file query_3.cif (mmCIF, C-alpha atoms)
data_model
loop_
_atom_site.label_atom_id
_atom_site.label_comp_id
_atom_site.auth_asym_id
_atom_site.auth_seq_id
_atom_site.Cartn_x
_atom_site.Cartn_y
_atom_site.Cartn_z
CA MET S 1 19.72 15.40 2.37
CA THR S 2 18.76 17.35 -0.76
CA THR S 3 15.53 19.23 -0.19
CA ASN S 4 13.49 20.92 -2.88
CA TYR S 5 10.92 23.64 -2.32
CA LEU S 6 7.60 23.52 -4.14
CA VAL S 7 5.65 26.78 -3.97
CA LEU S 8 1.94 27.26 -4.67
CA SER S 9 0.72 30.84 -5.02
CA SER S 10 -1.37 32.77 -7.51
CA LYS S 11 0.99 35.74 -6.95
CA LEU S 12 4.12 35.36 -9.08
CA SER S 13 5.94 37.96 -6.99
CA PHE S 14 5.55 35.72 -3.92
CA SER S 15 7.86 33.07 -5.41
CA THR S 16 10.46 35.68 -6.33
CA ASP S 17 10.40 37.16 -2.84
CA LEU S 18 10.56 33.69 -1.31
CA ALA S 19 13.64 32.75 -3.32
CA GLU S 20 15.39 35.87 -2.02
CA MET S 21 14.40 35.04 1.58
CA LEU S 22 15.78 31.51 1.16
CA GLN S 23 19.08 32.88 -0.11
CA HIS S 24 19.32 35.15 2.95
CA VAL S 25 18.77 32.38 5.51
CA LYS S 26 20.42 29.51 3.59
CA PRO S 27 23.82 30.53 2.18
CA GLY S 28 24.52 28.79 -1.11
CA PHE S 29 20.84 28.13 -1.80
CA ALA S 30 20.30 27.42 -5.50
CA LYS S 31 17.17 28.80 -7.12
CA THR S 32 16.93 25.57 -9.11
CA LYS S 33 15.76 23.87 -5.90
CA LEU S 34 12.64 26.03 -5.89
CA LYS S 35 9.77 25.23 -8.24
CA SER S 36 6.76 27.51 -8.45
CA VAL S 37 3.22 26.66 -9.57
CA THR S 38 0.12 28.84 -9.66
CA THR S 39 -2.70 26.26 -9.56
CA GLU S 40 -3.65 23.24 -7.45
CA LEU S 41 -3.74 21.07 -10.57
CA ASP S 42 -0.13 21.92 -11.40
CA LEU S 43 0.87 21.21 -7.80
CA LYS S 44 -0.76 17.76 -7.88
CA LYS S 45 0.97 16.98 -11.19
CA GLU S 46 4.33 17.90 -9.67
CA LEU S 47 3.68 15.68 -6.66
CA GLU S 48 2.72 12.76 -8.91
CA THR S 49 5.88 13.00 -11.01
CA THR S 50 8.53 13.48 -8.31
CA SER S 51 9.68 11.50 -5.30
CA THR S 52 12.35 13.98 -4.20
CA PRO S 53 11.90 15.17 -0.60
CA ALA S 54 10.11 18.50 -0.70
CA ILE S 55 8.83 21.25 1.53
CA ILE S 56 5.59 22.57 0.06
CA ILE S 57 5.02 26.24 0.78
CA ILE S 58 1.49 27.49 0.19
CA GLY S 59 1.23 31.25 -0.17
CA PRO S 60 -1.62 33.63 -1.07
CA CYS S 61 -4.06 31.89 -3.42
CA GLN S 62 -7.19 32.86 -5.27
CA GLY S 63 -10.29 30.70 -5.00
CA ARG S 64 -10.22 28.01 -2.34
CA SER S 65 -9.02 28.56 1.20
CA PRO S 66 -5.29 27.80 1.60
CA TYR S 67 -6.22 25.75 4.68
CA GLU S 68 -8.50 23.53 2.58
CA ILE S 69 -5.74 23.08 0.02
CA ALA S 70 -3.19 22.26 2.73
CA ARG S 71 -5.54 19.79 4.44
CA GLU S 72 -6.31 18.05 1.16
CA ILE S 73 -2.61 17.72 0.36
CA THR S 74 -1.62 16.44 3.80
CA HIS S 75 -4.49 13.94 3.91
CA MET S 76 -4.00 12.87 0.30
CA LEU S 77 -0.32 12.28 1.01
CA HIS S 78 -0.51 10.84 4.53
CA SER S 79 1.35 7.75 3.29
CA ARG S 80 3.97 9.87 1.47
CA THR S 81 6.87 10.52 3.80
CA THR S 82 8.69 12.86 1.41
CA VAL S 83 6.51 15.92 1.86
CA VAL S 84 5.73 18.46 4.58
CA VAL S 85 3.60 21.61 4.23
CA LEU S 86 4.29 25.17 5.39
CA LEU S 87 1.80 28.05 5.12
CA MET S 88 2.73 31.69 4.48
CA LEU S 89 -0.30 33.99 4.45
CA GLN S 90 -1.42 37.55 4.99
CA PRO S 91 -1.68 38.46 8.72
CA GLU S 92 -5.49 38.68 8.60
CA GLN S 93 -5.68 35.15 7.14
CA ILE S 94 -3.73 33.44 9.91
CA ASP S 95 -5.84 30.98 11.92
CA LEU S 96 -3.86 28.64 14.17
CA LYS S 97 -6.81 26.31 14.76
CA GLN S 98 -7.36 25.74 11.03
CA ALA S 99 -3.61 25.30 10.55
CA LEU S 100 -3.66 22.53 13.17
CA TYR S 101 -6.56 20.79 11.42
CA ALA S 102 -4.72 21.11 8.10
CA GLY S 103 -1.70 19.24 9.47
CA VAL S 104 0.93 21.83 8.48
CA VAL S 105 4.28 22.09 10.27
CA ASP S 106 4.09 25.86 10.74
CA ILE S 107 2.33 29.04 9.63
CA LEU S 108 3.95 32.43 8.95
CA THR S 109 3.10 35.79 7.44
CA THR S 110 4.21 36.43 3.85
CA THR S 111 6.96 38.75 5.13
CA PRO S 112 8.20 37.14 8.37
CA PRO S 113 11.22 38.32 10.36
CA LYS S 114 14.38 36.49 9.33
CA HIS S 115 14.67 34.51 12.59
CA GLU S 116 11.04 33.30 12.37
CA PHE S 117 11.47 32.22 8.75
CA GLN S 118 14.72 30.42 9.57
CA SER S 119 13.13 28.69 12.58
CA ALA S 120 10.14 27.53 10.50
CA LEU S 121 12.41 26.14 7.78
CA GLU S 122 14.50 24.27 10.36
CA LYS S 123 11.34 22.80 11.87
CA ALA S 124 10.11 21.72 8.41
CA GLU S 125 13.48 20.18 7.53
CA GLN S 126 13.65 18.31 10.84
CA SER S 127 10.13 16.99 10.32
CA LEU S 128 11.04 15.89 6.80
CA ALA S 129 14.25 14.20 7.96
CA LEU S 130 12.36 12.31 10.68
CA LYS S 131 9.76 11.15 8.16
CA LEU S 132 12.46 9.93 5.78
CA GLU S 133 14.24 8.08 8.59
CA ASN S 134 11.03 6.39 9.69
CA ASN S 135 10.19 5.59 6.08
CA ALA S 136 13.53 3.85 5.52
CA GLN S 137 12.88 1.67 8.56
CA TYR S 138 9.33 0.98 7.44
CA LEU S 139 10.35 -0.02 3.90
CA ALA S 140 13.02 -2.36 5.27
CA LEU S 141 10.40 -3.88 7.55
CA ALA S 142 7.87 -4.19 4.72
CA GLY S 143 10.39 -5.99 2.52
CA HIS S 144 11.34 -8.33 5.37
CA ASN S 145 7.73 -9.15 6.19
CA SER S 146 6.60 -9.61 2.59
CA ALA S 147 9.41 -12.11 2.04
CA GLN S 148 8.37 -14.13 5.09
CA ASN S 149 4.61 -13.71 5.16
CA THR S 150 2.81 -16.18 2.92
CA THR S 151 -0.59 -15.95 4.62
CA GLN S 152 -3.46 -14.06 3.02
CA GLN S 153 -3.69 -10.53 4.35
CA LYS S 154 -6.95 -9.02 5.57
CA ASP S 155 -8.25 -5.55 4.84
CA GLY S 156 -9.76 -4.60 8.18
CA LYS S 157 -12.51 -2.06 8.67
CA ILE S 158 -11.53 0.96 10.79
CA ILE S 159 -14.12 2.21 13.30
CA VAL S 160 -13.30 5.27 15.41
CA PHE S 161 -15.18 5.99 18.65
CA LEU S 162 -15.19 9.73 19.30
CA SER S 163 -16.65 12.00 21.97
CA THR S 164 -16.21 15.68 22.75
CA LYS S 165 -16.30 15.31 26.53
CA GLY S 166 -15.45 12.66 29.08
CA GLY S 167 -18.04 10.66 30.95
CA VAL S 168 -20.42 9.80 28.09
CA GLY S 169 -19.44 6.10 28.12
CA LYS S 170 -17.39 6.08 24.91
CA THR S 171 -14.67 3.69 26.09
CA THR S 172 -17.17 1.35 27.75
CA LEU S 173 -19.17 1.22 24.53
CA SER S 174 -16.11 0.70 22.32
CA VAL S 175 -14.85 -2.17 24.50
CA ASN S 176 -18.26 -3.87 24.55
CA ALA S 177 -18.77 -3.40 20.80
CA ALA S 178 -15.37 -4.97 20.20
CA THR S 179 -16.26 -7.89 22.48
CA ALA S 180 -19.63 -8.33 20.77
CA LEU S 181 -17.94 -8.61 17.36
CA ALA S 182 -15.33 -11.02 18.71
CA LYS S 183 -18.23 -13.22 19.89
CA LYS S 184 -19.20 -13.42 16.21
CA ASN S 185 -15.78 -14.96 15.49
CA LEU S 186 -14.36 -11.83 13.88
CA ALA S 187 -10.71 -10.93 14.45
CA VAL S 188 -11.00 -7.69 16.42
CA ALA S 189 -8.27 -5.29 17.54
CA VAL S 190 -8.67 -2.22 19.75
CA ILE S 191 -6.24 0.70 19.72
CA ASP S 192 -6.30 2.73 22.93
CA LEU S 193 -5.49 6.10 21.38
CA ASP S 194 -6.22 8.06 24.54
CA LEU S 195 -2.46 8.28 24.87
CA GLN S 196 -2.42 10.12 28.19
CA PHE S 197 -5.27 8.55 30.17
CA GLY S 198 -6.40 5.41 28.34
CA ASP S 199 -8.72 3.04 30.23
CA VAL S 200 -9.06 0.11 27.83
CA PRO S 201 -6.87 -2.26 29.93
CA LEU S 202 -8.95 -1.40 33.01
CA LEU S 203 -12.21 -2.33 31.31
CA PHE S 204 -10.72 -5.64 30.15
CA ASP S 205 -9.03 -6.20 33.55
CA LYS S 206 -5.73 -6.93 31.79
CA GLU S 207 -2.36 -5.54 32.84
CA PRO S 208 -0.39 -4.80 29.64
CA LYS S 209 3.22 -5.95 29.62
CA ALA S 210 3.89 -3.64 26.67
CA THR S 211 2.16 -0.62 25.15
CA ILE S 212 2.13 1.45 21.97
CA TYR S 213 5.05 3.37 23.49
CA ASP S 214 7.12 0.17 23.63
CA TRP S 215 6.18 -0.67 20.04
CA VAL S 216 7.35 2.74 18.84
CA LYS S 217 10.52 2.69 20.97
CA GLU S 218 11.65 -0.90 20.43
CA SER S 219 10.04 -2.29 17.32
CA LEU S 220 10.64 0.59 14.93
CA ASP S 221 14.15 1.22 16.24
CA GLU S 222 15.07 -2.40 15.60
CA LYS S 223 13.47 -2.30 12.13
CA ASP S 224 11.31 -5.20 13.19
CA GLY S 225 7.89 -3.56 13.24
CA GLU S 226 6.02 -6.68 14.36
CA VAL S 227 2.87 -5.62 16.22
CA GLU S 228 1.76 -8.97 17.64
CA PRO S 229 4.11 -9.05 20.68
CA TYR S 230 2.64 -5.74 21.81
CA MET S 231 -1.00 -6.79 21.53
CA VAL S 232 -2.75 -7.83 24.75
CA LYS S 233 -4.99 -10.86 24.30
CA HIS S 234 -8.30 -10.99 26.17
CA GLN S 235 -10.22 -14.22 26.77
CA SER S 236 -13.13 -12.86 24.71
CA GLY S 237 -10.93 -12.98 21.61
CA VAL S 238 -10.37 -9.23 21.45
CA GLU S 239 -6.77 -8.07 21.22
CA PHE S 240 -5.74 -4.53 22.12
CA ILE S 241 -2.68 -2.31 22.18
CA ALA S 242 -2.57 -0.17 25.31
CA ALA S 243 -1.80 3.52 25.76
CA PRO S 244 1.59 4.50 27.26
CA PRO S 245 2.04 3.91 31.02
CA LEU S 246 2.76 7.60 31.73
CA PRO S 247 0.99 10.67 30.27
CA GLU S 248 4.28 12.35 29.28
CA PHE S 249 5.09 9.46 26.91
CA ALA S 250 2.14 10.50 24.72
CA GLU S 251 4.29 13.23 23.16
CA LEU S 252 6.56 10.57 21.67
CA ILE S 253 3.74 9.02 19.62
CA SER S 254 3.34 10.82 16.29
CA GLY S 255 0.71 10.76 13.59
CA ASP S 256 3.09 8.73 11.41
CA HIS S 257 3.37 6.09 14.13
CA VAL S 258 -0.42 5.84 14.33
CA ALA S 259 -0.71 5.57 10.54
CA ARG S 260 1.81 2.71 10.47
CA LEU S 261 0.11 0.93 13.35
CA ILE S 262 -3.26 1.11 11.59
CA GLU S 263 -1.72 -0.16 8.33
CA GLU S 264 -0.19 -3.13 10.15
CA LEU S 265 -3.38 -4.03 12.02
CA LYS S 266 -5.51 -3.74 8.86
CA LYS S 267 -3.56 -6.68 7.45
CA ARG S 268 -4.25 -8.91 10.46
CA TYR S 269 -7.75 -8.13 11.75
CA ASP S 270 -11.29 -7.95 10.37
CA ILE S 271 -12.19 -4.98 12.57
CA ILE S 272 -9.99 -2.31 14.16
CA ILE S 273 -11.75 -0.21 16.80
CA ILE S 274 -9.97 2.98 17.83
CA ASP S 275 -10.87 4.58 21.15
CA THR S 276 -9.91 8.26 21.10
CA PRO S 277 -9.64 11.08 23.66
CA PRO S 278 -11.93 14.14 23.48
CA SER S 279 -9.45 16.30 21.55
CA LEU S 280 -8.38 16.89 17.96
CA VAL S 281 -4.64 16.31 18.24
CA GLU S 282 -2.52 15.04 15.34
CA THR S 283 -2.83 11.37 16.29
CA ASN S 284 -6.63 11.66 16.38
CA LEU S 285 -6.75 13.39 13.00
CA VAL S 286 -4.77 10.53 11.44
CA ALA S 287 -7.22 7.99 12.91
CA LEU S 288 -10.19 10.00 11.63
CA ASP S 289 -8.62 10.13 8.20
CA TYR S 290 -8.24 6.33 8.11
CA ALA S 291 -11.71 5.67 9.56
CA ASP S 292 -14.42 3.94 7.57
CA ASP S 293 -16.93 4.95 10.27
CA ILE S 294 -16.67 7.68 12.90
CA LEU S 295 -19.05 7.05 15.80
CA LEU S 296 -19.77 10.26 17.69
CA ILE S 297 -20.97 9.23 21.15
CA THR S 298 -23.30 11.66 22.91
CA SER S 299 -25.87 11.56 25.70
CA PHE S 300 -29.01 13.27 27.06
CA ASP S 301 -27.32 16.33 28.53
CA LEU S 302 -26.79 19.84 27.21
CA PRO S 303 -22.96 20.01 27.46
CA ALA S 304 -22.63 16.78 25.48
CA LEU S 305 -25.07 18.03 22.82
CA LYS S 306 -23.43 21.45 22.57
CA ASN S 307 -20.00 19.88 22.12
CA GLY S 308 -21.47 17.30 19.76
CA LYS S 309 -22.75 20.05 17.49
CA LEU S 310 -19.32 21.73 17.56
CA ALA S 311 -17.72 18.40 16.68
CA LEU S 312 -20.05 17.91 13.71
CA ASP S 313 -19.23 21.39 12.42
CA THR S 314 -15.52 20.66 12.78
CA MET S 315 -15.88 17.29 11.04
CA ALA S 316 -17.62 19.08 8.16
CA LEU S 317 -14.65 21.46 7.92
CA LEU S 318 -12.31 18.46 7.79
CA GLY S 319 -14.41 16.69 5.16
CA PHE S 320 -15.48 13.78 7.39
CA THR S 321 -19.26 14.37 7.40
CA ASP S 322 -20.13 11.26 5.37
CA LYS S 323 -18.26 9.00 7.81
CA ILE S 324 -20.05 10.17 10.95
CA LYS S 325 -22.75 8.22 12.76
CA ILE S 326 -24.37 9.58 15.92
CA VAL S 327 -24.75 7.16 18.82
CA LEU S 328 -26.97 8.19 21.73
CA ASN S 329 -25.65 6.46 24.84
CA ARG S 330 -27.57 6.12 28.15
CA ASP S 331 -30.79 6.67 26.26
CA ALA S 332 -33.50 7.73 28.71
CA GLU S 333 -35.82 10.48 27.53
CA MET S 334 -36.53 13.16 30.10
CA LYS S 335 -38.77 16.17 30.43
CA GLY S 336 -37.90 18.87 27.93
CA MET S 337 -35.59 16.63 25.90
CA ASN S 338 -36.39 13.77 23.55
CA LEU S 339 -34.99 12.10 20.44
CA GLY S 340 -36.52 14.69 18.12
CA SER S 341 -35.06 17.63 20.00
CA ILE S 342 -31.60 16.01 19.99
CA GLU S 343 -31.72 15.41 16.23
CA ASN S 344 -32.83 19.02 15.72
CA VAL S 345 -29.90 20.32 17.77
CA LEU S 346 -27.34 18.13 16.01
CA GLY S 347 -28.88 18.43 12.56
CA LYS S 348 -28.27 14.73 11.95
CA GLN S 349 -30.27 11.55 12.47
CA ILE S 350 -29.39 9.26 15.38
CA PHE S 351 -27.78 6.04 14.12
CA ALA S 352 -28.11 3.98 17.32
CA ARG S 353 -29.58 4.29 20.82
CA ILE S 354 -28.02 2.43 23.76
CA PRO S 355 -30.32 2.23 26.81
CA SER S 356 -29.31 3.46 30.25
CA ASP S 357 -28.52 0.71 32.78
CA TYR S 358 -26.26 2.14 35.46
CA MET S 359 -26.08 -0.94 37.71
CA THR S 360 -25.18 -3.36 34.92
CA VAL S 361 -22.59 -1.05 33.40
CA ILE S 362 -20.89 0.01 36.65
CA SER S 363 -20.78 -3.61 37.86
CA SER S 364 -19.19 -4.59 34.55
CA ILE S 365 -16.56 -1.85 34.86
CA ASN S 366 -15.72 -2.74 38.46
CA LYS S 367 -15.32 -6.42 37.58
CA GLY S 368 -13.32 -5.71 34.43
CA VAL S 369 -15.69 -7.89 32.39
CA PRO S 370 -17.56 -6.40 29.39
CA PHE S 371 -21.31 -6.49 30.07
CA VAL S 372 -22.02 -8.31 26.80
CA ILE S 373 -20.27 -11.22 28.57
CA SER S 374 -21.17 -10.65 32.23
CA ALA S 375 -24.84 -9.73 31.65
CA PRO S 376 -25.78 -10.89 28.13
CA ARG S 377 -29.53 -11.04 28.86
CA THR S 378 -29.86 -7.39 29.88
CA GLN S 379 -31.38 -4.91 27.45
CA VAL S 380 -28.18 -2.86 27.32
CA ALA S 381 -26.16 -5.93 26.31
CA LYS S 382 -28.68 -7.08 23.68
CA THR S 383 -28.88 -3.59 22.18
CA THR S 384 -25.09 -3.26 22.13
CA MET S 385 -24.81 -6.63 20.36
CA LYS S 386 -27.22 -5.45 17.64
CA PHE S 387 -25.44 -2.10 17.43
CA ALA S 388 -22.07 -3.83 16.96
CA GLU S 389 -23.46 -6.13 14.27
CA SER S 390 -24.84 -3.11 12.39
CA LEU S 391 -21.29 -1.81 11.99
CA VAL S 392 -20.22 -4.65 9.71
CA SER S 393 -21.70 -6.05 6.53
CA PRO S 394 -23.94 -9.12 7.05
CA GLY S 395 -21.54 -11.25 5.02
CA LYS S 396 -18.79 -10.73 7.58
CA ILE S 397 -20.82 -11.95 10.56
CA LYS S 398 -19.83 -15.51 11.29
CA THR S 399 -21.73 -18.17 13.15
CA GLU S 400 -20.79 -18.36 16.79
CA LYS S 401 -18.85 -21.41 17.86
CA PRO S 402 -21.19 -23.95 19.45
CA LYS S 403 -20.76 -24.17 23.17
CA SER S 404 -19.83 -27.64 24.39
CA LYS S 405 -22.41 -29.20 26.66
CA PRO S 406 -21.21 -30.01 30.17
CA LYS S 407 -20.69 -33.69 30.87
CA ARG S 408 -23.31 -35.35 33.04
CA HIS S 409 -22.07 -36.80 36.31
CA THR S 410 -24.50 -39.49 37.40
CA PHE S 411 -23.87 -39.39 41.13
CA SER S 412 -22.78 -35.77 41.51
CA ILE S 413 -25.60 -35.21 44.03
CA PHE S 414 -23.70 -37.32 46.55
CA LYS S 415 -20.45 -35.37 46.23
CA LYS S 416 -19.43 -33.18 49.12
CA LYS S 417 -19.78 -29.48 48.56
CA ALA S 418 -16.53 -27.52 48.44
#

call {"tool": "encode", "arguments": {"input": "query_3.cif", "output": "structure tokens"}}
result
Amino acid sequence: MTTNYLVLSSKLSFSTDLAEMLQHVKPGFAKTKLKSVTTELDLKKELETTSTPAIIIIGPCQGRSPYEIAREITHMLHSRTTVVVLLMLQPEQIDLKQALYAGVVDILTTTPPKHEFQSALEKAEQSLALKLENNAQYLALAGHNSAQNTTQQKDGKIIVFLSTKGGVGKTTLSVNAATALAKKNLAVAVIDLDLQFGDVPLLFDKEPKATIYDWVKESLDEKDGEVEPYMVKHQSGVEFIAAPPLPEFAELISGDHVARLIEELKKRYDIIIIDTPPSLVETNLVALDYADDILLITSFDLPALKNGKLALDTMALLGFTDKIKIVLNRDAEMKGMNLGSIENVLGKQIFARIPSDYMTVISSINKGVPFVISAPRTQVAKTTMKFAESLVSPGKIKTEKPKSKPKRHTFSIFKKKA
């Protein structure tokens, strides 16, 4: 594999030094494989005019934060499998948390030890090779499917349910919102992206025969890519793809896998609901990037509000502020805390309020039947139905199928009871 190096730095000497470092760790390295630019605009022009696999190295820059530049590039090019990003900064600039959010493969100082530089390059090249391999499979699959698929494709809306701590009812709400939309005759898919401890099958009382792990392992390896055999169908009309059966399998699911899964489901469903874990790992960041709406679920307790505020600040850093809607679950005002105080803490208006109804919800969970089905007349079910409908444009809501009336049996009163 021929790999080029594209360097962005406002310091011309950085590119010269980098070329020398590359020659030291890669015998036979040709300087012609390294292209240097000094501005973001020039970098974007280079990326638009070349499809050659490249490792982008961002060095010291004037103006914008290198982390912002890296994040913009990685998010702008999430569908491009020919590019990975490496950061090389001054020691005082290094921030591992921001590097994670930016989606880079590694971060180094501008003058790293030889073994660290070599290790980072190997990691970047391995990541690039894996992306290219997956891309070849994906393109073969896309060509195969486009030749066979004559049905009109959908362009599904992506809704991500997010929380910063467990126990706020996020998964319960996502499952019931999905069921509510399915009752409106929309094609709804749920991705259980809590890859270590997902509970979506439990709430639907469905044992998955296959999971996202099986799809990644079998379908992509065989260049088939068909998602449908891995979707679990619930009687409500909702279909979901389950998390892996064992927590350790989560490591085998990458951001690229999640991106491809979302792309496939967008073609087949009106709504894709993604239930996420309370962490900002790579797979979550990909889902957030694809999201049309990000629903941050919080509740009337201080830890949830504190973490909610941190999440909002982080989302602002990632550029997701406009997508976020705050949902207050288990709404029950208490002494010293009301809606106004919550909005003041979060600095954002509440989008929806779901009332507290412990008995209805816990009974629903224990039965494995969403409460919008098991208890449709309760306030929590009615509110959740309205909340779900507010997530889609009125034109997409379809009339519910009329329920068939039971046949009358004239002499049923005389039948023996079972």

call {"tool": "atom_distance", "arguments": {"input": "query_3.cif", "atom1": "atom CA of S:Glu228", "atom2": "atom CA of S:Ile262"}}
result
12.8 Å

call {"tool": "resolve_selection", "arguments": {"input": "query_3.cif", "expression": "the PyMOL selection byres ((chain S and resi 191-206) around 10)", "output": "NGL selection string"}}
result
:S and (160 or 171-172 or 174-176 or 179 or 189-190 or 207-209 or 211-213 or 231-236 or 238-253 or 258 or 261-262 or 265 or 272-279 or 283-284 or 287 or 364-370)

call {"tool": "resolve_selection", "arguments": {"input": "query_3.cif", "expression": "the PyMOL selection byres ((chain S and resi 61-69) around 8)", "output": "list in words"}}
result
Leu8, Ser9, Ser10, Lys11, Glu40, Ile58, Gly59, Pro60, Ala70, Arg71, Glu72, Ile73, Leu87, Gln98, Ala99 and Ala102 of chain S

call {"tool": "atom_distance", "arguments": {"input": "query_3.cif", "atom1": "atom CA of S:Gly308", "atom2": "atom CA of S:Ile326"}}
result
9.1 Å

call {"tool": "atom_distance", "arguments": {"input": "query_3.cif", "atom1": "atom CA of S:Leu181", "atom2": "atom CA of S:Asp270"}}
result
9.7 Å

call {"tool": "residues_around", "arguments": {"input": "query_3.cif", "residues": "S:Gln379", "least_positions_apart": "6", "cutoff": "10 Å", "atoms": "all atoms listed in the file", "output": "list in words"}}
result
Ile354, Pro355, Ser356, Asp357, Thr360, Val372 and Met385 of chain S

call {"tool": "build_atoms", "arguments": {"input": "query_3.cif", "residues": "stretch 178-197 of chain S", "atoms": "N, CA and C atoms", "output": "short mmCIF file (atom, residue, chain, number, x, y, z; two decimals), keeping the file's coordinate frame"}}
result
data_model
loop_
_atom_site.label_atom_id
_atom_site.label_comp_id
_atom_site.auth_asym_id
_atom_site.auth_seq_id
_atom_site.Cartn_x
_atom_site.Cartn_y
_atom_site.Cartn_z
N ALA S 178 -16.46 -4.10 20.64
CA ALA S 178 -15.37 -4.97 20.20
C ALA S 178 -15.60 -6.41 20.66
N THR S 179 -16.00 -6.56 21.92
CA THR S 179 -16.26 -7.89 22.48
C THR S 179 -17.42 -8.56 21.76
N ALA S 180 -18.46 -7.79 21.47
CA ALA S 180 -19.63 -8.33 20.77
C ALA S 180 -19.23 -8.87 19.40
N LEU S 181 -18.37 -8.15 18.69
CA LEU S 181 -17.94 -8.61 17.36
C LEU S 181 -17.00 -9.81 17.46
N ALA S 182 -16.19 -9.85 18.51
CA ALA S 182 -15.33 -11.02 18.71
C ALA S 182 -16.17 -12.27 18.98
N LYS S 183 -17.32 -12.09 19.64
CA LYS S 183 -18.23 -13.22 19.89
C LYS S 183 -18.79 -13.78 18.59
N LYS S 184 -18.75 -12.98 17.53
CA LYS S 184 -19.20 -13.42 16.21
C LYS S 184 -18.04 -13.99 15.39
N ASN S 185 -16.96 -14.33 16.10
CA ASN S 185 -15.78 -14.96 15.49
C ASN S 185 -15.06 -14.06 14.48
N LEU S 186 -15.15 -12.76 14.68
CA LEU S 186 -14.36 -11.83 13.88
C LEU S 186 -13.05 -11.53 14.61
N ALA S 187 -11.99 -11.33 13.86
CA ALA S 187 -10.71 -10.93 14.45
C ALA S 187 -10.77 -9.43 14.73
N VAL S 188 -10.78 -9.08 16.01
CA VAL S 188 -11.00 -7.69 16.42
C VAL S 188 -9.81 -7.16 17.20
N ALA S 189 -9.34 -5.98 16.80
CA ALA S 189 -8.27 -5.29 17.54
C ALA S 189 -8.80 -3.95 18.03
N VAL S 190 -8.33 -3.54 19.20
CA VAL S 190 -8.67 -2.22 19.75
C VAL S 190 -7.37 -1.44 19.95
N ILE S 191 -7.36 -0.21 19.46
CA ILE S 191 -6.24 0.70 19.72
C ILE S 191 -6.69 1.70 20.78
N ASP S 192 -6.00 1.72 21.90
CA ASP S 192 -6.30 2.73 22.93
C ASP S 192 -5.50 3.98 22.58
N LEU S 193 -6.17 4.90 21.86
CA LEU S 193 -5.49 6.10 21.38
C LEU S 193 -5.64 7.28 22.34
N ASP S 194 -6.25 7.03 23.50
CA ASP S 194 -6.22 8.06 24.54
C ASP S 194 -4.85 7.94 25.19
N LEU S 195 -3.86 8.55 24.56
CA LEU S 195 -2.46 8.28 24.87
C LEU S 195 -2.01 8.76 26.24
N GLN S 196 -2.79 9.65 26.86
CA GLN S 196 -2.42 10.12 28.19
C GLN S 196 -3.17 9.39 29.30
N PHE S 197 -4.46 9.11 29.08
CA PHE S 197 -5.27 8.55 30.17
C PHE S 197 -6.16 7.41 29.68
#
